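> The structure's right below; bear with me while I get my questions together.
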Amino acid sequence: MKKIIVILGVLYTYGCTKTEAPSTPPPIVVQEESIKFTTNIDTGAFYVIDTLPLIITVSSKLPASGVMVSVISTWTDSSKQIHKIDTTIMQPGVSINIPGLKKEGTYSIAVTITSKNTLSNTVSKSLSAINSAIRNFTGYKVASNARQLGSDYWLRGTGVMADLIIQTFQNPLPNSNSYAYQHNFINTGWTSSTCGDFNNDGYIDVFTPGGGQYIGFSFLLYNPITKTFKDTSLLKDKTIKLLTNSNNSFKRSIPVYLNSDNYVDLVIIEGDNFSNPTQIIYSDGMGGYELTSFDALHFVNSAKVMTDGGDVGDLNGDGLPDLVLAANNFTFIYWGKSSYPFFRNDNYTILASDLTNFPNVVNNGTVCSSCSNGVFDIVLKDLNKDNKLDFLLCVVENSNINQRVILNKGTGLFSNSDVLNLPTYARNIQVHDYTQDEVNGDIIAQNGGGINNIFSYWNIYKYKNNNGSYSLDTTSIKFNYNTKQYDGNKGRILYYDFNKDGIKDIGYIDASWGGNNGTFNPVTRQGNIMPFKTVFIKRGDQYIEEDYYQYDPYAKSLLTILKNRFK
């Protein structure tokens with residue numbers, strides 16, 4: 001019995017036992033490597049102009065599903081988000097262009113990279129980019145056809161504000177009282193400044209001959225490395241510090257190519273002074289300049305005639321620049337020559353308004369009562385597009401005198417039949433400068449004066465071209481900033497495409513820096529007016545006054561330097 005029980009127990013145990021399948025080991029969990037990355041601007045602030053080229057390199061092992069990249073750019077000056085990018089990458093490196101960093105200031109670039117397998121595997125870093133106008137400035141470049149464009153390009157067509165450059169970079173004279181001028185806006189030193197390429201390096205420089213007590217003699221040469229203009233002298237005679245010994249300033253510096261080299265030469269015309277003759281600064285072709293006084297025969301009946309202003313240009317089409325000097329009732333034309341001193345004082349033309357009282361005018365004297373009466377300055381422009389430079393005469397309008405034009409027939413002689421009177425604008429207002437709208441031929445005039453001292457009035461207006469005749473247009477130029485109330489002595493018109501829309505606009509050179517230290521105060525009408533500089537942008541048929549500094553970030557950045565000089 002026991003045997004049976006044992007056998008049954010054995011059979012039961014065997015019957016209740018089943019074979020178990022071998023167990024599968026648990027999967028091995030591999031720890032994902034923490035995200036690590038670098039960028040091309042990790043080493044410090046990156047300077048941008050508009051678009052930031054950001055290169056991201058993931059240095060850790062990429063997850064199987066890749067990583068998500070998020071880039072957010074913010075303009076820290078206003079905490080305004082500029083741009084956001086979200087993308088997935090499957091490779092360790094990626095290049096992303098971040099646009100919209102146009103305004104000057106600092107930008108914060110937040111970069112976040114996250115594993116698509118493990119969202120908790122993420123890392124961020126904050127980068128810095130700076131848009132610096134001075135750091136990014138490439139210089140004011142000289143036009144490739146500057147020589148063909150001639151004097152008008154350098155005086156009006158570069159878009160460079162010579163007055164701002166001089167005030168910022170010229171070394172102050174010892175008695176300049178921190179660059180404050182105390183003579184109620186009558187100084188015209190900036191008017192006699194001009195642009196040019198005086199070291200022939202392809203960058204626009206600035207020149208001023210000095211004017212009285214507070215404005216020095218300078219060649220301000222642009223340095224593309226330092227982004228500044230260096231105050232120096234290129235004259236071989238380094239003892240010359242000023243070109244005038246009086247408190248008067250020169251009327252105008254005319255940049256012109258007098259010889260065969262590519263350096264810009266200068267003809268400097270004295271205004272309102274017997275003692276300072278017209279002077280010529282001409283290049284030696286090797287980086288230096290010579291100074292000479294032009295022995296112009298400003299004599300009528302042995303009496304010396306005072307020169308007020310003038311211009312330089314090829315009047316007879318022989319390829320040589322001629323010199324025109326205005327002297328109220330007389331205009332002198334000195335015909336050009338190819339060698340020193342570049343103008344002939346033995347062959348000149350006099351346009352005289354009065355030969356009754358001056359019957360002995362010689363050297364091709366021409367009776368032309370309308371040509372010269374009351375003329376204190378002249379602008380040469382080809383008004384009728386016949387390839388001959390015409391005369392735009394600057395006068396003080398009165399009951400007998402209008403602004404007027406002399407059309408050049410190329411003969412070297414002129415008569416009253418060549419003169420066209422322009423419509424009356426306002427009596428006792430003098431025109432300082434002219435330019436011409438190259439689209440429709442309108443004459444753009446800038447007037448003003450010191451007759452009411454610091455409250456003197458200035459304006460810009462047009463003589464509308466009607467197929468060779470002109471009508472007065474005072475509505476096409478719109479003031480928005482009351483600029484004409486600030487300072488009545490604007491010196492020169494600029495004609496340049498400031499907003500880069502392919503259409504030329506109007507700017508101006510201020511004639512002085514204001515009354516006292518500090519920026520301009522519209523209530524007291526004292527101080528430096530430079531921070532209020534405007535331009536007139538052509539929009540449709542109008543020129544509309546707008547802030548100049550929004551169109552030139554480099555010039556705007558100079559205000560910080562200039563304001564420190566006011567202190």
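Ordering of the structure tokens sets the chain letters (A, B, ...); residue numbers start at 1 within each chain; ligands are numbered from 1 in the order shown.
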Show me, as an MDAnalysis selection string, the residues that have an atom within 10 Å of Thr76 (chain A) when counting only C-alpha atoms, minus same-chain residues fewer than 5 positions from it.
chainID A and resid 81:82 105:109 128
> From the list A:Thr122, A:Gln91, A:Phe536, A:Val48, which residue is nearest Lys103 (chain A) when using only C-alpha atoms?
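So, comparing all the options, the nearest one is A:Val48.
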> Quick one: everything within 8 Å of Asp473 (chain A), counting only C-alpha atoms, minus sequence neighbours fewer than 2 positions away in the same chain. Send it as a PyMOL selection string.
chain A and resi 461-464+471+475-476
> Among region 241-441 of chain A, which ones does DSSP place in alpha helix (DSSP H), written as a list in words?
Ser369, Ser370, Cys371 and Ser372 of chain A
> Using only C-alpha atoms, which of the listed residues (A:Asp163, A:Asp50, A:Asp418, A:Glu104) sits closest to Gly507 (chain A)?
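That would be A:Asp163, the residue with the smallest distance to Gly507 (chain A).
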> Could you state the separation of CA of Asn262 (chain A) and CA of Tyr340 (chain A) in Å, given to one decimal place?
16.4 Å
> Near Leu380 (chain A), within 9 Å and counting only C-alpha atoms, which residues show up once chain neighbours fewer than 5 positions away are dropped, as a PyMOL selection string?
chain A and resi 152+310-313+315+389-393
> Would you list the contacts of region 235-239 of chain A as a list of chain:residue names, taking every protein, DNA or RNA residue within 10 Å and counting only C-alpha atoms, but skipping same-chain residues closer than 3 positions in sequence?
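Counting only the stated atoms, we get A:Ser218, A:Phe219, A:Thr232, A:Leu242, A:Ile281, A:Tyr282, A:Ser283, A:Asp284, A:Gly287, A:Gly288, A:Tyr289, A:Glu290, A:Leu291.
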> Keeping only N, CA and C atoms, write the selected residues as a short mmCIF file (atom, residue, chain, number, x, y, z; two decimals), in the first residue's frame.

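What landed in selection-v6.cif:
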```cif
data_model
loop_
_atom_site.label_atom_id
_atom_site.label_comp_id
_atom_site.auth_asym_id
_atom_site.auth_seq_id
_atom_site.Cartn_x
_atom_site.Cartn_y
_atom_site.Cartn_z
N SER A 218 41.58 123.65 -41.51
CA SER A 218 41.71 122.20 -41.35
C SER A 218 41.45 121.45 -42.64
N PHE A 219 42.26 120.42 -42.86
CA PHE A 219 41.89 119.31 -43.71
C PHE A 219 41.46 118.20 -42.74
N THR A 232 44.14 117.89 -39.62
CA THR A 232 45.54 118.03 -40.02
C THR A 232 45.66 119.15 -41.06
N LEU A 242 45.79 129.94 -40.37
CA LEU A 242 44.56 130.54 -40.86
C LEU A 242 44.86 131.23 -42.18
N ILE A 281 44.57 126.69 -53.48
CA ILE A 281 45.31 125.60 -52.85
C ILE A 281 45.31 124.45 -53.86
N TYR A 282 46.48 124.14 -54.37
CA TYR A 282 46.55 123.15 -55.45
C TYR A 282 47.51 122.02 -55.08
N SER A 283 47.17 120.85 -55.52
CA SER A 283 47.91 119.64 -55.17
C SER A 283 49.22 119.54 -55.94
N ASP A 284 50.25 118.95 -55.27
CA ASP A 284 51.49 118.68 -55.97
C ASP A 284 51.51 117.26 -56.55
N GLY A 287 50.50 114.22 -52.46
CA GLY A 287 49.91 114.27 -51.13
C GLY A 287 50.07 115.60 -50.43
N GLY A 288 50.81 116.54 -51.02
CA GLY A 288 50.97 117.85 -50.42
C GLY A 288 50.25 118.92 -51.23
N TYR A 289 50.08 120.08 -50.62
CA TYR A 289 49.39 121.18 -51.28
C TYR A 289 50.20 122.46 -51.15
N GLU A 290 50.13 123.26 -52.22
CA GLU A 290 50.74 124.58 -52.24
C GLU A 290 49.64 125.63 -52.12
N LEU A 291 49.95 126.75 -51.49
CA LEU A 291 49.03 127.86 -51.35
C LEU A 291 49.57 129.06 -52.11
#
```
> Looking at A:Ser144, A:Asn459, A:Asn402, A:Thr208, which one is nearest to Ile268 (chain A), with distances taken over only C-alpha atoms?
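For Ile268 (chain A), the nearest of the candidates is A:Thr208.
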> Just want the 12 Å neighbourhood of region 33-35 of chain A, counted on only C-alpha atoms, with same-chain residues fewer than 3 positions away dropped. Output as a ChimeraX atom specification.
/A:30,38,57-64,66-69,92,112-125
> Write a file of the selected residues as a short mmCIF file (atom, residue, chain, number, x, y, z; two decimals), in the first residue's frame, keeping C-alpha atoms.

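Contents of part10.cif, freshly written:
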```
data_model
loop_
_atom_site.label_atom_id
_atom_site.label_comp_id
_atom_site.auth_asym_id
_atom_site.auth_seq_id
_atom_site.Cartn_x
_atom_site.Cartn_y
_atom_site.Cartn_z
CA VAL A 30 21.05 54.09 -22.08
CA THR A 38 28.44 76.32 -28.93
CA THR A 57 27.21 73.52 -33.26
CA VAL A 58 25.85 70.69 -31.03
CA SER A 59 28.87 69.09 -29.37
CA SER A 60 26.97 66.33 -27.52
CA LYS A 61 25.66 63.13 -29.14
CA LEU A 62 22.48 63.84 -31.03
CA PRO A 63 19.32 62.06 -29.85
CA ALA A 64 17.81 59.66 -32.39
CA GLY A 66 17.11 65.09 -33.33
CA VAL A 67 16.83 68.33 -31.40
CA MET A 68 14.54 71.33 -31.45
CA VAL A 69 16.23 74.75 -31.85
CA PRO A 92 25.21 68.60 -35.28
CA THR A 112 17.40 77.05 -26.53
CA ILE A 113 18.10 73.47 -27.71
CA THR A 114 15.88 70.59 -26.55
CA SER A 115 16.04 66.84 -27.20
CA LYS A 116 13.02 65.57 -29.10
CA ASN A 117 13.37 62.27 -27.23
CA THR A 118 13.58 63.76 -23.76
CA LEU A 119 12.03 67.18 -23.31
CA SER A 120 13.74 67.59 -19.98
CA ASN A 121 17.09 67.38 -21.74
CA THR A 122 17.33 71.05 -22.66
CA VAL A 123 19.81 73.89 -22.37
CA SER A 124 19.72 77.64 -23.08
CA LYS A 125 22.14 80.49 -23.38
#
```
> Between A:Ile506, A:Met161, A:Leu258, A:Val535, single out the one closest to Ile444 (chain A), counting only C-alpha atoms.
A:Ile506
> One number please: CA of Ser260 (chain A) to CA of Asn200 (chain A), in Å, one decimal.
13.0 Å
